[in-house]
Amino acid sequence: MNDYLMSRTWAEINLDNLAENFKILRAKLNPKSKFLAVCKANAYGHGIIECAKKFQDLGADYIAVASVIEGAELRENGITIPILCLGQANPDLALLTAEYKITQAVGDLENGEKISKIISAKNSKIKIHVKIDTGMSRTGFYWPDDENEKLKTAGEIKKLCELPSLEAEGIFTHFAAADDDKNFTRLQLKKFLDAKEKLSALKINFKISHAAASVGVLNYPESHLDMGRFGLVLYGYADTEKGNEGSTLGLKPVMKVKSKITAVRKLPAGTTISYGRTFELKRDSLIAVLPVGYADGLPRNLSNNFSVKIHENLCPILGRICMDMCMADVTDLKLKNINVKPGDIATILDGDLIPTAAKNAGTIIHEILCNPSQRVPRIFINYKLKI
Ligand SMILES: *Cc1c(COP(=O)(O)O)cnc(C)c1O
């Protein structure tokens, strides 16, 4: 089977590295805090079922998804530990939430009431985590500065928590700038603790309070509270903007995208390459054709602006990246007497190349990891199990 799956372009997912990252991060978290592994968006492109299973086996306390549909898929595939849906509570999915025992984030009274009504009618029940907006301005109860407004908001949250069929298990917030704004992050945490205190005065208390995602856990030990939410770091990267600082913590990238060269072509100087003729060969060249394009998740704006690895050498992509193919210059390899032939494997993305791809494409590592599309098979490598 793997022969077919590895015939064109595929992503190798190293589950041993995933496990090592988990262990490193577990040790960074307050031993009393629970560990939530974020598996939204197909586990950042790594394969949601296999990654969630691995986290469950490793002893994660919670899995997070972005939609109830993702959560249902996990339940259908053997995930029995608690699952938190971080996405906006959606009344259309209320019954599914109850059926699959998914904990739902709720950030406003209106949706809470709708959901409670639907679920009560079926005599069912769900757990919720109340979301507080302390400065991300995305979802959650906006936490104001004015004391009277605070009491009003706390009153609304109390009403939500006391709705029938909703069990308020948790309360949380999300930092907007944990990587580069200490003052704002501290202010957000302060607001969150203030909200908890005002609710506590109304006798509304929660089993699980949480605030920090990956960078928050690493940079702000005071934000660990009852649970840390780990996303990007589990997949081996600790920094979104400045390249990969994860390696200093011992984190190991988990994904490698590889592609099998389909043709190696000799083309004379002066020939132009690909759509729009954006690259003209300066010399007689040897060009490898790779069956990977933007529909596989290689961003088109890396055209003429990225290099892939072939036999450990960086080979520039020449001309525009097409939907299903791109071309790389292997002339220098020939000059070094390295033979390149159809069937040889090129590394399109790996631990070094992913931060470069993100930088050159003007985006963040998260987006490059999420990119590989459905037609890129994920091949799970678990060296330790094989032995
Ligand atoms: C995506 C997400 C996370 C994980 O973020 P990372 O930066 O990848 O760790 C945590 N919490 C919430 C609410 C999220 O939406």
# chains A, B, ... in the order shown; residues from 1 in each chain; ligands from 1

$ residues_near_ligand --ligand "ligand 1" --cutoff "10 Å" --atoms "only C-alpha atoms and all ligand atoms" --output "PyMOL selection string"
chain A and resi 36-41+43-44+64-66+84-87+105+131+136+138-139+172-176+178-179+210-217+228-235+237-240+365-366

$ select_by_dssp --residues "stretch 151-232 of chain A" --states "strand (DSSP E)" --output "PDB file with all heavy atoms, in the first residue's frame"
ATOM      1  N   LEU A 166     -26.789  22.447  30.850  1.00  0.00           N
ATOM      2  CA  LEU A 166     -25.396  22.876  30.661  1.00  0.00           C
ATOM      3  C   LEU A 166     -24.663  22.737  31.985  1.00  0.00           C
ATOM      4  O   LEU A 166     -25.109  23.261  33.007  1.00  0.00           O
ATOM      5  CB  LEU A 166     -25.326  24.337  30.201  1.00  0.00           C
ATOM      6  CG  LEU A 166     -26.051  24.725  28.920  1.00  0.00           C
ATOM      7  CD1 LEU A 166     -25.703  26.171  28.547  1.00  0.00           C
ATOM      8  CD2 LEU A 166     -25.700  23.793  27.761  1.00  0.00           C
ATOM      9  N   GLU A 167     -23.547  21.984  31.949  1.00  0.00           N
ATOM     10  CA  GLU A 167     -22.719  21.870  33.147  1.00  0.00           C
ATOM     11  C   GLU A 167     -21.462  22.697  32.924  1.00  0.00           C
ATOM     12  O   GLU A 167     -20.645  22.368  32.058  1.00  0.00           O
ATOM     13  CB  GLU A 167     -22.366  20.394  33.392  1.00  0.00           C
ATOM     14  CG  GLU A 167     -21.516  20.195  34.631  1.00  0.00           C
ATOM     15  CD  GLU A 167     -20.890  18.798  34.686  1.00  0.00           C
ATOM     16  OE1 GLU A 167     -21.446  17.856  34.082  1.00  0.00           O
ATOM     17  OE2 GLU A 167     -19.822  18.681  35.314  1.00  0.00           O
ATOM     18  N   ALA A 168     -21.329  23.778  33.685  1.00  0.00           N
ATOM     19  CA  ALA A 168     -20.189  24.682  33.484  1.00  0.00           C
ATOM     20  C   ALA A 168     -18.949  24.103  34.165  1.00  0.00           C
ATOM     21  O   ALA A 168     -18.732  24.292  35.354  1.00  0.00           O
ATOM     22  CB  ALA A 168     -20.513  26.060  34.017  1.00  0.00           C
ATOM     23  N   GLU A 169     -18.143  23.400  33.388  1.00  0.00           N
ATOM     24  CA  GLU A 169     -16.959  22.731  33.943  1.00  0.00           C
ATOM     25  C   GLU A 169     -15.747  23.654  33.960  1.00  0.00           C
ATOM     26  O   GLU A 169     -14.911  23.583  34.848  1.00  0.00           O
ATOM     27  CB  GLU A 169     -16.620  21.499  33.084  1.00  0.00           C
ATOM     28  CG  GLU A 169     -15.349  20.785  33.505  1.00  0.00           C
ATOM     29  CD  GLU A 169     -14.868  19.759  32.485  1.00  0.00           C
ATOM     30  OE1 GLU A 169     -14.627  20.137  31.301  1.00  0.00           O
ATOM     31  OE2 GLU A 169     -14.734  18.590  32.860  1.00  0.00           O
ATOM     32  N   GLY A 170     -15.659  24.527  32.916  1.00  0.00           N
ATOM     33  CA  GLY A 170     -14.436  25.309  32.790  1.00  0.00           C
ATOM     34  C   GLY A 170     -14.679  26.758  32.425  1.00  0.00           C
ATOM     35  O   GLY A 170     -15.786  27.165  32.075  1.00  0.00           O
ATOM     36  N   ILE A 171     -13.593  27.535  32.539  1.00  0.00           N
ATOM     37  CA  ILE A 171     -13.618  28.942  32.123  1.00  0.00           C
ATOM     38  C   ILE A 171     -12.256  29.233  31.517  1.00  0.00           C
ATOM     39  O   ILE A 171     -11.245  28.726  32.001  1.00  0.00           O
ATOM     40  CB  ILE A 171     -13.945  29.874  33.311  1.00  0.00           C
ATOM     41  CG1 ILE A 171     -14.071  31.332  32.834  1.00  0.00           C
ATOM     42  CG2 ILE A 171     -12.916  29.761  34.442  1.00  0.00           C
ATOM     43  CD1 ILE A 171     -14.729  32.248  33.868  1.00  0.00           C
ATOM     44  N   PHE A 172     -12.236  29.996  30.416  1.00  0.00           N
ATOM     45  CA  PHE A 172     -10.931  30.238  29.785  1.00  0.00           C
ATOM     46  C   PHE A 172     -10.898  31.526  28.989  1.00  0.00           C
ATOM     47  O   PHE A 172     -11.915  32.150  28.718  1.00  0.00           O
ATOM     48  CB  PHE A 172     -10.520  29.039  28.912  1.00  0.00           C
ATOM     49  CG  PHE A 172     -11.235  28.903  27.582  1.00  0.00           C
ATOM     50  CD1 PHE A 172     -10.552  29.089  26.378  1.00  0.00           C
ATOM     51  CD2 PHE A 172     -12.577  28.545  27.527  1.00  0.00           C
ATOM     52  CE1 PHE A 172     -11.193  28.928  25.155  1.00  0.00           C
ATOM     53  CE2 PHE A 172     -13.231  28.389  26.302  1.00  0.00           C
ATOM     54  CZ  PHE A 172     -12.532  28.581  25.117  1.00  0.00           C
ATOM     55  N   ILE A 208     -12.011  23.782  35.980  1.00  0.00           N
ATOM     56  CA  ILE A 208     -10.825  23.969  35.132  1.00  0.00           C
ATOM     57  C   ILE A 208     -10.775  25.398  34.588  1.00  0.00           C
ATOM     58  O   ILE A 208     -11.633  25.801  33.807  1.00  0.00           O
ATOM     59  CB  ILE A 208     -10.837  22.981  33.934  1.00  0.00           C
ATOM     60  CG1 ILE A 208     -11.087  21.533  34.400  1.00  0.00           C
ATOM     61  CG2 ILE A 208      -9.524  23.069  33.168  1.00  0.00           C
ATOM     62  CD1 ILE A 208     -11.243  20.539  33.237  1.00  0.00           C
ATOM     63  N   SER A 209      -9.752  26.166  35.023  1.00  0.00           N
ATOM     64  CA  SER A 209      -9.510  27.497  34.463  1.00  0.00           C
ATOM     65  C   SER A 209      -8.275  27.409  33.585  1.00  0.00           C
ATOM     66  O   SER A 209      -7.270  26.834  33.996  1.00  0.00           O
ATOM     67  CB  SER A 209      -9.207  28.509  35.564  1.00  0.00           C
ATOM     68  OG  SER A 209     -10.247  28.536  36.492  1.00  0.00           O
ATOM     69  N   HIS A 210      -8.344  27.984  32.383  1.00  0.00           N
ATOM     70  CA  HIS A 210      -7.158  27.919  31.515  1.00  0.00           C
ATOM     71  C   HIS A 210      -7.020  29.166  30.662  1.00  0.00           C
ATOM     72  O   HIS A 210      -8.006  29.821  30.336  1.00  0.00           O
ATOM     73  CB  HIS A 210      -7.139  26.647  30.662  1.00  0.00           C
ATOM     74  CG  HIS A 210      -8.417  26.287  29.958  1.00  0.00           C
ATOM     75  ND1 HIS A 210      -8.502  26.261  28.593  1.00  0.00           N
ATOM     76  CD2 HIS A 210      -9.632  25.912  30.414  1.00  0.00           C
ATOM     77  CE1 HIS A 210      -9.730  25.864  28.237  1.00  0.00           C
ATOM     78  NE2 HIS A 210     -10.442  25.661  29.321  1.00  0.00           N
ATOM     79  N   MET A 227      -4.832  24.252  33.393  1.00  0.00           N
ATOM     80  CA  MET A 227      -4.612  23.520  32.132  1.00  0.00           C
ATOM     81  C   MET A 227      -3.830  24.384  31.146  1.00  0.00           C
ATOM     82  O   MET A 227      -4.028  25.603  31.084  1.00  0.00           O
ATOM     83  CB  MET A 227      -5.973  23.123  31.526  1.00  0.00           C
ATOM     84  CG  MET A 227      -5.903  22.223  30.304  1.00  0.00           C
ATOM     85  SD  MET A 227      -7.438  21.270  30.038  1.00  0.00           S
ATOM     86  CE  MET A 227      -8.522  22.512  29.345  1.00  0.00           C
ATOM     87  N   GLY A 228      -2.935  23.759  30.382  1.00  0.00           N
ATOM     88  CA  GLY A 228      -2.232  24.430  29.288  1.00  0.00           C
ATOM     89  C   GLY A 228      -2.755  23.876  27.970  1.00  0.00           C
ATOM     90  O   GLY A 228      -2.999  22.677  27.867  1.00  0.00           O
ATOM     91  N   ARG A 229      -2.925  24.757  26.985  1.00  0.00           N
ATOM     92  CA  ARG A 229      -3.416  24.321  25.666  1.00  0.00           C
ATOM     93  C   ARG A 229      -2.263  24.342  24.667  1.00  0.00           C
ATOM     94  O   ARG A 229      -1.787  25.400  24.270  1.00  0.00           O
ATOM     95  CB  ARG A 229      -4.533  25.261  25.167  1.00  0.00           C
ATOM     96  CG  ARG A 229      -5.732  25.359  26.113  1.00  0.00           C
ATOM     97  CD  ARG A 229      -6.877  26.118  25.451  1.00  0.00           C
ATOM     98  NE  ARG A 229      -6.524  27.446  24.999  1.00  0.00           N
ATOM     99  CZ  ARG A 229      -6.664  28.559  25.736  1.00  0.00           C
ATOM    100  NH1 ARG A 229      -7.164  28.497  26.949  1.00  0.00           N
ATOM    101  NH2 ARG A 229      -6.324  29.732  25.235  1.00  0.00           N
ATOM    102  N   PHE A 230      -1.817  23.167  24.264  1.00  0.00           N
ATOM    103  CA  PHE A 230      -0.624  23.062  23.424  1.00  0.00           C
ATOM    104  C   PHE A 230      -0.986  22.780  21.975  1.00  0.00           C
ATOM    105  O   PHE A 230      -1.592  21.747  21.680  1.00  0.00           O
ATOM    106  CB  PHE A 230       0.275  21.928  23.930  1.00  0.00           C
ATOM    107  CG  PHE A 230       0.846  22.181  25.302  1.00  0.00           C
ATOM    108  CD1 PHE A 230       0.156  21.810  26.438  1.00  0.00           C
ATOM    109  CD2 PHE A 230       2.080  22.808  25.440  1.00  0.00           C
ATOM    110  CE1 PHE A 230       0.688  22.039  27.699  1.00  0.00           C
ATOM    111  CE2 PHE A 230       2.626  23.040  26.695  1.00  0.00           C
ATOM    112  CZ  PHE A 230       1.927  22.659  27.833  1.00  0.00           C
TER     113      PHE A 230
END

$ atom_distance --atom1 "atom CA of A:Lys191" --atom2 "atom CA of A:Ala89"
22.6 Å

$ closest_residue --among "A:Pro221, A:Leu290, A:Leu298, A:Thr97" --to "A:Cys315" --atoms "only C-alpha atoms"
A:Leu290

$ atom_distance --atom1 "atom CA of A:Gly250" --atom2 "atom CA of A:Ala19"
12.2 Å

$ closest_residue --among "A:Thr103, A:Ser274, A:Thr363, A:Asn14" --to "A:Pro82" --atoms "only C-alpha atoms"
A:Thr103

$ residues_around --residues "A:Leu163" --least-positions-apart "3" --cutoff "12 Å" --atoms "only C-alpha atoms" --output "PyMOL selection string"
chain A and resi 109-120+125-128+156-160+166-168

$ residues_around --residues "stretch 275-285 of chain A" --least-positions-apart "4" --cutoff "12 Å" --atoms "only C-alpha atoms" --output "number ranges by chain"
A: 264-271, 300, 303-305, 316-323, 325-335

$ write_last_selection --atoms "C-alpha atoms" --output "PDB file, in the first residue's frame"
ATOM      1  CA  VAL A 264      14.813  15.175 -15.315  1.00  0.00           C
ATOM      2  CA  ARG A 265      15.129  17.363 -18.408  1.00  0.00           C
ATOM      3  CA  LYS A 266      18.085  18.916 -20.227  1.00  0.00           C
ATOM      4  CA  LEU A 267      17.126  22.395 -21.428  1.00  0.00           C
ATOM      5  CA  PRO A 268      19.291  24.977 -23.205  1.00  0.00           C
ATOM      6  CA  ALA A 269      20.148  28.480 -21.971  1.00  0.00           C
ATOM      7  CA  GLY A 270      17.453  30.993 -22.932  1.00  0.00           C
ATOM      8  CA  THR A 271      14.548  28.603 -22.330  1.00  0.00           C
ATOM      9  CA  ARG A 300       2.164  29.591  -5.256  1.00  0.00           C
ATOM     10  CA  SER A 303       7.455  30.611  -7.134  1.00  0.00           C
ATOM     11  CA  ASN A 304      11.075  31.632  -7.860  1.00  0.00           C
ATOM     12  CA  ASN A 305      11.426  32.113  -4.087  1.00  0.00           C
ATOM     13  CA  PRO A 316      15.811  26.459  -6.352  1.00  0.00           C
ATOM     14  CA  ILE A 317      12.284  26.291  -7.721  1.00  0.00           C
ATOM     15  CA  LEU A 318      12.325  27.898 -11.138  1.00  0.00           C
ATOM     16  CA  GLY A 319       9.304  29.715 -12.568  1.00  0.00           C
ATOM     17  CA  ARG A 320       5.758  29.577 -11.316  1.00  0.00           C
ATOM     18  CA  ILE A 321       4.531  26.753  -9.130  1.00  0.00           C
ATOM     19  CA  CYS A 322       1.640  25.111 -11.018  1.00  0.00           C
ATOM     20  CA  MET A 323      -1.431  23.465  -9.497  1.00  0.00           C
ATOM     21  CA  MET A 325       3.769  20.383 -10.481  1.00  0.00           C
ATOM     22  CA  CYS A 326       6.808  22.574 -10.161  1.00  0.00           C
ATOM     23  CA  MET A 327      10.343  22.600 -11.547  1.00  0.00           C
ATOM     24  CA  ALA A 328      13.630  22.656  -9.628  1.00  0.00           C
ATOM     25  CA  ASP A 329      17.142  23.408 -10.871  1.00  0.00           C
ATOM     26  CA  VAL A 330      19.448  20.419 -10.397  1.00  0.00           C
ATOM     27  CA  THR A 331      22.249  21.647 -12.688  1.00  0.00           C
ATOM     28  CA  ASP A 332      24.629  22.195  -9.743  1.00  0.00           C
ATOM     29  CA  LEU A 333      24.137  18.611  -8.621  1.00  0.00           C
ATOM     30  CA  LYS A 334      25.267  17.386 -11.986  1.00  0.00           C
ATOM     31  CA  LEU A 335      28.330  19.655 -11.736  1.00  0.00           C
TER      32      LEU A 335
END

$ closest_residue --among "A:Asp296, A:Glu12, A:Asp194, A:Asp344" --to "A:Lys260" --atoms "only C-alpha atoms"
A:Asp344

$ select_by_dssp --residues "stretch 87-156 of chain A" --states "alpha helix (DSSP H)" --output "PyMOL selection string"
chain A and resi 94-99+109-121+147-156

$ atom_distance --atom1 "atom CA of A:Val68" --atom2 "atom CA of A:Leu95"
10.0 Å

$ decode --residues "stretch 102-113 of chain A" --atoms "all heavy atoms" --output "CSV table (one decimal), in the first residue's frame"
chain,number,residue,atom,x,y,z
A,102,ILE,N,-19.2,16.0,23.6
A,102,ILE,CA,-18.1,17.0,23.4
A,102,ILE,C,-18.4,18.2,24.3
A,102,ILE,O,-19.5,18.7,24.4
A,102,ILE,CB,-18.1,17.4,21.9
A,102,ILE,CG1,-17.6,16.2,21.1
A,102,ILE,CG2,-17.2,18.6,21.6
A,102,ILE,CD1,-17.9,16.2,19.7
A,103,THR,N,-17.3,18.7,24.9
A,103,THR,CA,-17.4,19.9,25.8
A,103,THR,C,-17.4,21.1,24.8
A,103,THR,O,-16.6,21.1,23.9
A,103,THR,CB,-16.2,19.9,26.7
A,103,THR,OG1,-16.1,18.7,27.4
A,103,THR,CG2,-16.4,21.1,27.7
A,104,GLN,N,-18.3,22.0,25.0
A,104,GLN,CA,-18.4,23.2,24.1
A,104,GLN,C,-18.0,24.5,24.8
A,104,GLN,O,-18.4,24.8,25.9
A,104,GLN,CB,-19.8,23.3,23.6
A,104,GLN,CG,-20.1,24.4,22.7
A,104,GLN,CD,-19.3,24.4,21.4
A,104,GLN,OE1,-19.3,23.4,20.6
A,104,GLN,NE2,-18.5,25.5,21.1
A,105,ALA,N,-17.1,25.3,24.1
A,105,ALA,CA,-16.8,26.6,24.5
A,105,ALA,C,-18.1,27.5,24.2
A,105,ALA,O,-18.6,27.4,23.2
A,105,ALA,CB,-15.6,27.2,23.8
A,106,VAL,N,-18.5,28.3,25.2
A,106,VAL,CA,-19.6,29.2,25.0
A,106,VAL,C,-19.2,30.6,25.4
A,106,VAL,O,-18.7,30.8,26.5
A,106,VAL,CB,-20.8,28.7,25.8
A,106,VAL,CG1,-22.0,29.7,25.5
A,106,VAL,CG2,-21.2,27.3,25.5
A,107,GLY,N,-19.4,31.5,24.5
A,107,GLY,CA,-18.9,32.9,24.8
A,107,GLY,C,-20.0,33.9,24.8
A,107,GLY,O,-19.7,35.1,24.8
A,108,ASP,N,-21.2,33.5,24.7
A,108,ASP,CA,-22.3,34.5,24.8
A,108,ASP,C,-23.6,33.8,25.3
A,108,ASP,O,-23.8,32.6,25.1
A,108,ASP,CB,-22.6,35.2,23.5
A,108,ASP,CG,-23.0,34.2,22.4
A,108,ASP,OD1,-22.2,33.4,22.0
A,108,ASP,OD2,-24.2,34.3,22.0
A,109,LEU,N,-24.4,34.6,25.9
A,109,LEU,CA,-25.6,34.0,26.6
A,109,LEU,C,-26.6,33.5,25.5
A,109,LEU,O,-27.3,32.5,25.7
A,109,LEU,CB,-26.3,35.1,27.5
A,109,LEU,CG,-27.5,34.6,28.3
A,109,LEU,CD1,-27.2,33.4,29.2
A,109,LEU,CD2,-28.0,35.8,29.2
A,110,GLU,N,-26.8,34.3,24.4
A,110,GLU,CA,-27.8,34.0,23.4
A,110,GLU,C,-27.6,32.6,22.9
A,110,GLU,O,-28.5,31.8,22.8
A,110,GLU,CB,-27.7,35.0,22.3
A,110,GLU,CG,-28.9,35.1,21.4
A,110,GLU,CD,-28.7,36.1,20.3
A,110,GLU,OE1,-27.8,37.0,20.4
A,110,GLU,OE2,-29.3,35.8,19.2
A,111,ASN,N,-26.4,32.2,22.4
A,111,ASN,CA,-26.1,30.9,21.9
A,111,ASN,C,-26.3,29.8,23.0
A,111,ASN,O,-26.8,28.8,22.7
A,111,ASN,CB,-24.8,30.8,21.2
A,111,ASN,CG,-24.8,31.2,19.8
A,111,ASN,OD1,-25.7,30.8,19.0
A,111,ASN,ND2,-23.9,32.0,19.4
A,112,GLY,N,-25.8,30.2,24.2
A,112,GLY,CA,-26.0,29.3,25.3
A,112,GLY,C,-27.4,28.9,25.5
A,112,GLY,O,-27.8,27.7,25.7
A,113,GLU,N,-28.3,29.9,25.5
A,113,GLU,CA,-29.7,29.7,25.7
A,113,GLU,C,-30.3,28.8,24.6
A,113,GLU,O,-31.1,27.9,24.9
A,113,GLU,CB,-30.5,31.0,25.8
A,113,GLU,CG,-30.3,31.7,27.2
A,113,GLU,CD,-30.9,33.1,27.3
A,113,GLU,OE1,-31.0,33.8,26.2
A,113,GLU,OE2,-31.1,33.5,28.4
